[in-house]
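Undergrad: See structure-v2.csv below, with CSV, C-alpha atoms.
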chain,number,residue,atom,x,y,z
U,100,MET,CA,94.8,122.6,103.8
U,101,MET,CA,95.3,120.1,101.0
U,102,ARG,CA,98.6,118.2,100.5
U,103,PHE,CA,99.3,116.5,97.2
U,104,TYR,CA,101.3,113.2,97.0
U,105,ARG,CA,100.3,112.2,93.5
U,106,PRO,CA,99.1,114.3,90.5
U,107,LEU,CA,95.3,114.4,90.5
U,108,GLY,CA,93.7,113.3,87.2
U,109,THR,CA,90.3,114.0,85.6
U,110,LEU,CA,87.5,113.8,88.1
U,111,SER,CA,84.0,112.6,87.0
U,112,ALA,CA,82.6,111.3,90.3
U,113,LEU,CA,83.4,111.1,94.1
U,114,THR,CA,82.8,108.3,96.5
U,115,PHE,CA,82.8,108.6,100.2
U,116,ASP,CA,83.3,106.5,103.3
U,117,LEU,CA,80.7,107.4,105.9
U,118,ASP,CA,81.9,106.7,109.5
U,119,ASP,CA,84.6,109.0,110.8
U,120,THR,CA,84.9,110.6,107.4
U,121,LEU,CA,81.7,112.6,107.3
U,122,TYR,CA,81.1,112.7,111.1
U,123,ASP,CA,82.6,111.5,114.3
U,124,ASN,CA,81.4,108.0,114.8
U,125,ARG,CA,83.1,107.1,118.1
U,126,PRO,CA,80.5,108.6,120.5
U,127,VAL,CA,77.7,107.1,118.4
U,128,ILE,CA,79.1,103.6,118.6
U,129,LEU,CA,79.8,103.8,122.4
U,130,ARG,CA,76.2,104.9,123.1
U,131,THR,CA,74.7,102.5,120.6
U,132,GLU,CA,76.6,99.5,122.2
U,133,GLN,CA,75.3,100.5,125.6
U,134,GLU,CA,71.7,100.9,124.5
U,135,ALA,CA,71.8,97.7,122.4
U,136,LEU,CA,73.0,95.6,125.4
U,137,ALA,CA,70.4,97.2,127.7
U,138,PHE,CA,67.7,96.3,125.2
U,139,VAL,CA,68.7,92.7,124.9
U,140,ARG,CA,69.0,92.4,128.7
U,141,SER,CA,65.5,93.7,129.3
U,142,TYR,CA,64.0,91.6,126.5
U,143,HIS,CA,63.7,88.5,128.6
U,144,PRO,CA,64.4,87.6,132.2
U,145,SER,CA,66.9,84.9,131.2
U,146,LEU,CA,69.1,87.5,129.4
U,147,VAL,CA,69.4,90.0,132.3
U,148,ALA,CA,73.0,89.0,133.1
U,149,LEU,CA,74.3,89.1,129.6
U,150,GLU,CA,77.6,91.0,129.3
U,151,ASN,CA,79.3,92.6,126.3
U,152,SER,CA,82.1,90.1,126.7
U,153,ASP,CA,79.6,87.2,126.2
U,154,PHE,CA,78.4,88.9,123.1
U,155,GLN,CA,81.9,89.3,121.8
U,156,ARG,CA,82.6,85.6,122.4
U,157,LEU,CA,79.5,84.7,120.3
U,158,ARG,CA,80.7,87.0,117.5
U,159,GLN,CA,84.1,85.4,117.5
U,160,ALA,CA,82.7,81.9,117.4
U,161,LEU,CA,80.4,82.8,114.5
U,162,ARG,CA,83.4,84.2,112.6
U,163,GLN,CA,85.4,81.1,113.2
U,164,ALA,CA,82.6,78.9,111.9
U,165,GLU,CA,81.7,81.2,109.0
U,166,PRO,CA,84.8,83.3,108.1
U,167,GLU,CA,83.0,85.4,105.5
U,168,ILE,CA,80.3,86.7,107.9
U,169,TYR,CA,82.4,89.7,108.9
U,170,HIS,CA,81.7,91.3,105.5
U,171,ASP,CA,78.1,91.9,106.6
U,172,VAL,CA,78.3,93.5,110.1
U,173,THR,CA,74.5,93.8,110.4
U,174,GLU,CA,73.8,90.1,109.8
U,175,TRP,CA,76.8,89.2,112.0
U,176,ARG,CA,75.3,91.2,114.8
U,177,ARG,CA,71.8,89.8,114.3
U,178,ARG,CA,73.1,86.2,114.3
U,179,ALA,CA,75.1,86.8,117.5
U,180,ILE,CA,72.0,88.2,119.3
U,181,GLU,CA,69.9,85.3,118.1
U,182,GLN,CA,72.5,82.8,119.4
U,183,ALA,CA,72.6,84.6,122.8
U,184,MET,CA,68.8,84.2,123.0
U,185,LEU,CA,68.9,80.6,122.0
U,186,ASP,CA,71.6,79.9,124.6
U,187,ALA,CA,69.4,81.6,127.2
U,188,GLY,CA,66.6,79.1,126.5
U,189,LEU,CA,64.4,81.0,124.1
U,190,SER,CA,62.8,79.0,121.3
U,191,ALA,CA,64.1,79.3,117.7
U,192,GLU,CA,61.0,81.4,116.9
U,193,GLU,CA,61.4,83.7,120.0
U,194,ALA,CA,65.1,84.1,119.3
U,195,ALA,CA,64.5,85.1,115.7
U,196,GLU,CA,61.8,87.6,116.7
U,197,GLY,CA,63.9,88.9,119.6
U,198,ALA,CA,67.0,89.4,117.4
U,199,GLN,CA,64.9,91.2,114.8
U,200,ALA,CA,63.5,93.6,117.5
U,201,ALA,CA,67.0,94.1,118.8
U,202,MET,CA,68.2,95.1,115.3
U,203,VAL,CA,65.4,97.7,115.0
U,204,ASN,CA,66.5,99.2,118.3
U,205,PHE,CA,70.1,99.1,117.2
U,206,ALA,CA,69.4,100.9,113.9
U,207,THR,CA,67.5,103.6,115.8
U,208,TRP,CA,70.5,104.4,118.1
U,209,ARG,CA,73.0,103.8,115.3
U,210,SER,CA,71.4,106.6,113.3
U,211,ARG,CA,71.4,109.3,116.0
U,212,ILE,CA,74.3,111.0,114.4
U,213,ASP,CA,75.3,114.6,114.8
U,214,VAL,CA,76.4,115.5,111.3
U,215,PRO,CA,78.4,118.8,111.2
U,216,GLN,CA,77.0,121.6,109.2
U,217,GLU,CA,80.3,121.7,107.3
U,218,THR,CA,79.6,118.2,106.0
U,219,HIS,CA,76.2,119.2,104.7
U,220,ASP,CA,77.6,122.4,103.1
U,221,THR,CA,80.5,120.6,101.5
U,222,LEU,CA,78.5,117.7,100.1
U,223,ALA,CA,75.9,120.0,98.7
U,224,ARG,CA,78.5,122.0,96.8
U,225,LEU,CA,80.3,118.9,95.5
U,226,ALA,CA,77.0,117.3,94.5
U,227,GLU,CA,76.3,120.3,92.2
U,228,LYS,CA,79.4,119.4,90.2
U,229,TRP,CA,79.8,115.6,90.4
U,230,PRO,CA,77.7,112.5,91.2
U,231,LEU,CA,78.5,111.4,94.8
U,232,VAL,CA,78.2,107.8,96.2
U,233,ALA,CA,78.6,106.4,99.7
U,234,ILE,CA,80.6,103.2,100.2
U,235,THR,CA,80.6,101.8,103.7
U,236,ASN,CA,81.8,98.7,105.6
U,237,GLY,CA,79.4,99.6,108.4
U,238,ASN,CA,75.7,99.7,109.0
U,239,ALA,CA,75.0,103.5,109.1
U,240,GLN,CA,71.9,104.4,107.1
U,241,PRO,CA,72.3,107.9,105.6
U,242,GLU,CA,68.6,108.2,105.0
U,243,LEU,CA,68.0,108.1,108.8
U,244,PHE,CA,70.4,111.1,109.6
U,245,GLY,CA,69.8,113.4,106.6
U,246,LEU,CA,72.7,112.6,104.3
U,247,ASN,CA,71.0,110.4,101.6
U,248,ASN,CA,70.0,113.3,99.3
U,249,TYR,CA,73.5,114.1,98.4
U,250,PHE,CA,74.3,110.6,97.1
U,251,GLN,CA,73.2,108.9,93.9
U,252,PHE,CA,73.2,105.6,95.8
U,253,VAL,CA,74.8,103.9,98.9
U,254,LEU,CA,76.8,100.7,98.7
U,255,ARG,CA,77.1,98.5,101.9
U,256,ALA,CA,79.4,95.6,102.6
U,257,GLY,CA,77.4,92.4,102.7
U,258,PRO,CA,74.5,93.2,100.4
U,259,ASP,CA,76.7,94.9,97.8
U,260,GLY,CA,79.8,92.7,98.0
U,261,ARG,CA,82.8,92.1,100.3
U,262,SER,CA,84.0,94.8,102.6
U,263,LYS,CA,86.7,97.3,101.7
U,264,PRO,CA,89.6,97.0,100.9
U,265,PHE,CA,88.2,94.3,98.6
U,266,SER,CA,87.4,95.9,95.2
U,267,ASP,CA,83.7,94.6,95.0
U,268,MET,CA,82.0,97.9,96.0
U,269,TYR,CA,84.6,100.1,94.3
U,270,ASP,CA,84.0,98.2,91.0
U,271,LEU,CA,80.3,98.3,91.5
U,272,ALA,CA,80.3,102.0,92.1
U,273,ALA,CA,82.2,102.6,88.8
U,274,GLN,CA,79.9,100.3,86.9
U,275,ARG,CA,76.7,101.9,88.2
U,276,LEU,CA,78.1,105.4,87.7
U,277,ASN,CA,79.2,104.4,84.2
U,278,VAL,CA,82.5,106.2,84.9
U,279,PRO,CA,86.1,104.7,84.5
U,280,PRO,CA,87.6,103.9,88.0
U,281,GLY,CA,90.5,106.2,87.2
U,282,GLU,CA,88.1,109.2,87.1
U,283,ILE,CA,86.7,108.6,90.5
U,284,LEU,CA,88.1,110.1,93.7
U,285,HIS,CA,87.4,108.1,96.8
U,286,VAL,CA,87.4,110.0,100.1
U,287,GLY,CA,88.0,108.2,103.4
U,288,ASP,CA,89.7,108.2,106.8
U,289,ASP,CA,91.2,104.7,106.7
U,290,LEU,CA,94.6,104.2,105.0
U,291,THR,CA,94.0,100.5,104.4
U,292,THR,CA,90.3,100.1,103.5
U,293,ASP,CA,89.8,103.5,101.9
U,294,VAL,CA,93.2,104.6,100.4
U,295,ALA,CA,94.9,101.4,99.6
U,296,GLY,CA,91.6,99.7,98.6
U,297,ALA,CA,90.6,102.5,96.2
U,298,ILE,CA,94.1,102.8,94.6
U,299,ARG,CA,94.5,99.1,94.1
U,300,CYS,CA,91.3,99.0,92.0
U,301,GLY,CA,92.4,101.9,89.9
U,302,MET,CA,90.7,104.9,91.6
U,303,GLN,CA,92.2,108.1,92.9
U,304,ALA,CA,92.2,108.5,96.7
U,305,CYS,CA,91.8,111.3,99.2
U,306,TRP,CA,92.8,110.6,102.8
U,307,ILE,CA,90.9,112.7,105.4
U,308,LYS,CA,93.4,112.4,108.2
U,309,PRO,CA,92.2,111.7,111.7
U,310,GLU,CA,93.3,114.2,114.4
U,311,ASN,CA,97.0,114.0,115.3
U,312,ALA,CA,97.6,111.4,112.5
U,313,ASP,CA,100.8,111.7,110.4
U,314,LEU,CA,101.1,109.8,107.2
U,315,MET,CA,104.9,109.4,107.6
U,316,ARG,CA,104.6,107.9,111.1
U,317,THR,CA,101.4,105.8,110.7
U,318,THR,CA,101.7,102.0,110.8
U,319,ASP,CA,99.0,101.2,108.1
U,320,SER,CA,100.2,103.4,105.3
U,321,ARG,CA,100.7,100.9,102.4
U,322,LEU,CA,100.1,103.3,99.5
U,323,LEU,CA,100.2,107.1,99.3
U,324,PRO,CA,96.9,108.8,98.7
U,325,HIS,CA,96.7,111.3,95.9
U,326,ILE,CA,95.7,114.0,98.3
U,327,GLU,CA,95.5,114.5,102.1
U,328,ILE,CA,93.1,116.8,103.9
U,329,SER,CA,92.3,117.4,107.5
U,330,ARG,CA,88.9,118.9,107.0
U,331,LEU,CA,86.2,117.8,104.6
U,332,ALA,CA,85.6,121.4,103.5
U,333,SER,CA,89.0,121.5,101.8
U,334,LEU,CA,87.5,119.4,99.0
U,335,SER,CA,85.6,122.5,97.9
U,336,THR,CA,88.8,123.8,96.5
U,337,LEU,CA,88.7,121.1,93.8
U,338,ILE,CA,85.5,122.6,92.3
Give the structure from the file, written as structure tokens.
TA:
Amino acid sequence: MMRFYRPLGTLSALTFDLDDTLYDNRPVILRTEQEALAFVRSYHPSLVALENSDFQRLRQALRQAEPEIYHDVTEWRRRAIEQAMLDAGLSAEEAAEGAQAAMVNFATWRSRIDVPQETHDTLARLAEKWPLVAITNGNAQPELFGLNNYFQFVLRAGPDGRSKPFSDMYDLAAQRLNVPPGEILHVGDDLTTDVAGAIRCGMQACWIKPENADLMRTTDSRLLPHIEISRLASLSTLI
């Protein structure tokens, strides 16, 4: 089902959020956090008592000291692990090496994503008609779970600019596609970062609504999307 809130204009390209738009990211994150903590705990005897709450405190302290670090979630995580290792008495070299190893482990678990067949089918059909791009605030790597072939390129907060809803990555996508922002439809599950972010920089927006969500009752609805869908496959009707 597709619900229209604004008239849809010309479409020359589509951009997609990744997490919770193309697959359910919640179980992935839960398992990854557990495995990541287990890895750090087992890395060195002095880290065996580390708790997630300790890690969160370190992340908070980092963000207070360097407010912009949150744009790059991978680097933010690496720095927090490094600090935990330094606090546990490891040398600067050991901590840097340990944090790097922890991030490799993290990426492995982070990419064990069960992508629905519907996502593959829909992206394949859309990619035959339009160039597709992924724009993410997170650290999922589509090349590690079989989605990269559908996208012309992937933009990540941190390396490619500030996180959504800032316009950096939306603007960059339009530039690299050589398509006017107004002819790009951005698809995402978050009403602030995806819908409002895309519309404010001149794009069209499609909200893929989470289960049981209601646009008229939700707290973060700043700007109406052009269209609302509850299943990715609905986008095929635009072809």
Undergrad: Show me a table, sorted first by chain and then by increasing residue number, of the residues of range 230-311 of chain U having an atom at most 10 Å from range 119-129 of chain U, each with its shortest atom pair and the distance in Å to one decimal, counting all atoms listed in the file and written as CSV.
TA:
residue,atom,partner,partner_atom,distance
U:Ala239,CA,U:Asn124,CA,9.7
U:Leu246,CA,U:Leu121,CA,9.5
U:Val286,CA,U:Thr120,CA,7.7
U:Gly287,CA,U:Thr120,CA,5.6
U:Asp288,CA,U:Thr120,CA,5.4
U:Asp289,CA,U:Thr120,CA,8.7
U:Trp306,CA,U:Thr120,CA,9.1
U:Ile307,CA,U:Thr120,CA,6.7
U:Lys308,CA,U:Thr120,CA,8.7
U:Pro309,CA,U:Asp119,CA,8.1
Undergrad: For Asp220 in chain U, which of U:Ser333, U:Phe154, U:Gln240, U:Arg177 is the closest residue, counting all atoms listed in the file?
TA: U:Ser333
Undergrad: Using all atoms listed in the file, can you list as JSON, numbers by chain the residues within 12 Å of (80.8, 115.3, 104.5)?
TA: {"U": [113, 114, 115, 116, 117, 118, 119, 120, 121, 122, 123, 213, 214, 215, 216, 217, 218, 219, 220, 221, 222, 223, 224, 225, 226, 231, 232, 233, 241, 245, 246, 247, 249, 250, 286, 287, 288, 307, 330, 331, 332, 333, 334, 335]}
Undergrad: Using all atoms listed in the file, pick whichever of U:Leu149, U:Ala135, U:Ala179, U:Cys300 has the shortest atom-to-atom distance to Ala206 in chain U.
TA: U:Ala135
Undergrad: Would you give me, as a Markdown table, each residue of range 196-287 of chain U having an atom within 10 Å of an atom of range 182-190 of chain U, along with its shortest atom pair and that distance in Å to one decimal, using only C-alpha atoms and sorting by chain and residue number?
TA:
| residue | atom | partner | partner_atom | distance |
| --- | --- | --- | --- | --- |
| U:Glu196 | CA | U:Ser190 | CA | 9.8 |
| U:Gly197 | CA | U:Met184 | CA | 7.6 |
| U:Ala198 | CA | U:Met184 | CA | 7.9 |
Undergrad: Pull C-alpha atoms for range 138-220 of chain U from the block and write them as a CSV table (one decimal), in the first residue's frame.
TA:
chain,number,residue,atom,x,y,z
U,138,PHE,CA,35.7,-9.8,22.6
U,139,VAL,CA,37.1,-6.8,24.5
U,140,ARG,CA,36.7,-8.6,27.8
U,141,SER,CA,38.7,-11.6,26.5
U,142,TYR,CA,41.3,-9.5,24.9
U,143,HIS,CA,43.3,-8.8,28.1
U,144,PRO,CA,42.9,-10.0,31.7
U,145,SER,CA,42.6,-6.4,33.0
U,146,LEU,CA,39.5,-5.9,30.8
U,147,VAL,CA,37.6,-8.9,32.0
U,148,ALA,CA,35.2,-6.9,34.3
U,149,LEU,CA,34.4,-4.3,31.7
U,150,GLU,CA,30.6,-3.6,31.5
U,151,ASN,CA,28.5,-2.0,28.7
U,152,SER,CA,27.8,0.8,31.2
U,153,ASP,CA,31.5,1.6,31.4
U,154,PHE,CA,31.7,1.7,27.7
U,155,GLN,CA,28.7,4.1,27.5
U,156,ARG,CA,30.3,6.4,30.0
U,157,LEU,CA,33.5,6.6,27.9
U,158,ARG,CA,31.4,7.3,24.8
U,159,GLN,CA,29.6,10.1,26.6
U,160,ALA,CA,32.9,11.6,27.8
U,161,LEU,CA,34.3,11.5,24.3
U,162,ARG,CA,31.2,13.3,22.9
U,163,GLN,CA,31.4,16.0,25.6
U,164,ALA,CA,35.1,16.6,24.8
U,165,GLU,CA,34.6,16.4,21.0
U,166,PRO,CA,31.0,17.2,20.2
U,167,GLU,CA,31.4,16.4,16.5
U,168,ILE,CA,32.6,12.9,17.0
U,169,TYR,CA,29.1,11.5,16.9
U,170,HIS,CA,28.9,12.0,13.1
U,171,ASP,CA,31.4,9.1,12.7
U,172,VAL,CA,30.0,6.2,14.7
U,173,THR,CA,32.8,3.8,13.7
U,174,GLU,CA,35.6,6.2,14.9
U,175,TRP,CA,33.6,7.1,18.0
U,176,ARG,CA,33.4,3.4,18.9
U,177,ARG,CA,37.1,2.8,18.1
U,178,ARG,CA,38.2,5.7,20.3
U,179,ALA,CA,36.0,4.5,23.2
U,180,ILE,CA,37.5,1.0,23.1
U,181,GLU,CA,41.0,2.5,22.9
U,182,GLN,CA,40.3,4.6,26.0
U,183,ALA,CA,38.9,1.6,27.9
U,184,MET,CA,42.1,-0.3,27.1
U,185,LEU,CA,44.3,2.7,28.2
U,186,ASP,CA,42.3,3.0,31.4
U,187,ALA,CA,42.9,-0.7,32.0
U,188,GLY,CA,46.7,-0.2,31.9
U,189,LEU,CA,47.5,-1.2,28.3
U,190,SER,CA,50.2,0.9,26.6
U,191,ALA,CA,49.3,3.4,23.9
U,192,GLU,CA,50.5,0.9,21.2
U,193,GLU,CA,48.7,-2.1,22.8
U,194,ALA,CA,45.5,0.0,23.1
U,195,ALA,CA,45.6,1.1,19.5
U,196,GLU,CA,46.2,-2.4,18.3
U,197,GLY,CA,43.5,-3.8,20.5
U,198,ALA,CA,41.0,-1.2,19.4
U,199,GLN,CA,41.7,-2.1,15.8
U,200,ALA,CA,41.2,-5.8,16.4
U,201,ALA,CA,38.0,-5.1,18.3
U,202,MET,CA,36.7,-3.1,15.3
U,203,VAL,CA,37.5,-5.9,12.9
U,204,ASN,CA,35.5,-8.2,15.2
U,205,PHE,CA,32.7,-5.7,15.4
U,206,ALA,CA,32.5,-5.3,11.6
U,207,THR,CA,32.2,-9.1,11.2
U,208,TRP,CA,29.2,-9.4,13.6
U,209,ARG,CA,27.7,-6.1,12.4
U,210,SER,CA,27.5,-7.5,8.9
U,211,ARG,CA,25.8,-10.8,9.7
U,212,ILE,CA,22.5,-9.4,8.4
U,213,ASP,CA,19.6,-11.4,7.3
U,214,VAL,CA,18.4,-9.4,4.2
U,215,PRO,CA,14.8,-10.4,3.2
U,216,GLN,CA,14.4,-11.7,-0.4
U,217,GLU,CA,11.9,-9.0,-0.9
U,218,THR,CA,14.6,-6.4,-0.5
U,219,HIS,CA,16.8,-8.1,-3.1
U,220,ASP,CA,14.0,-8.4,-5.5
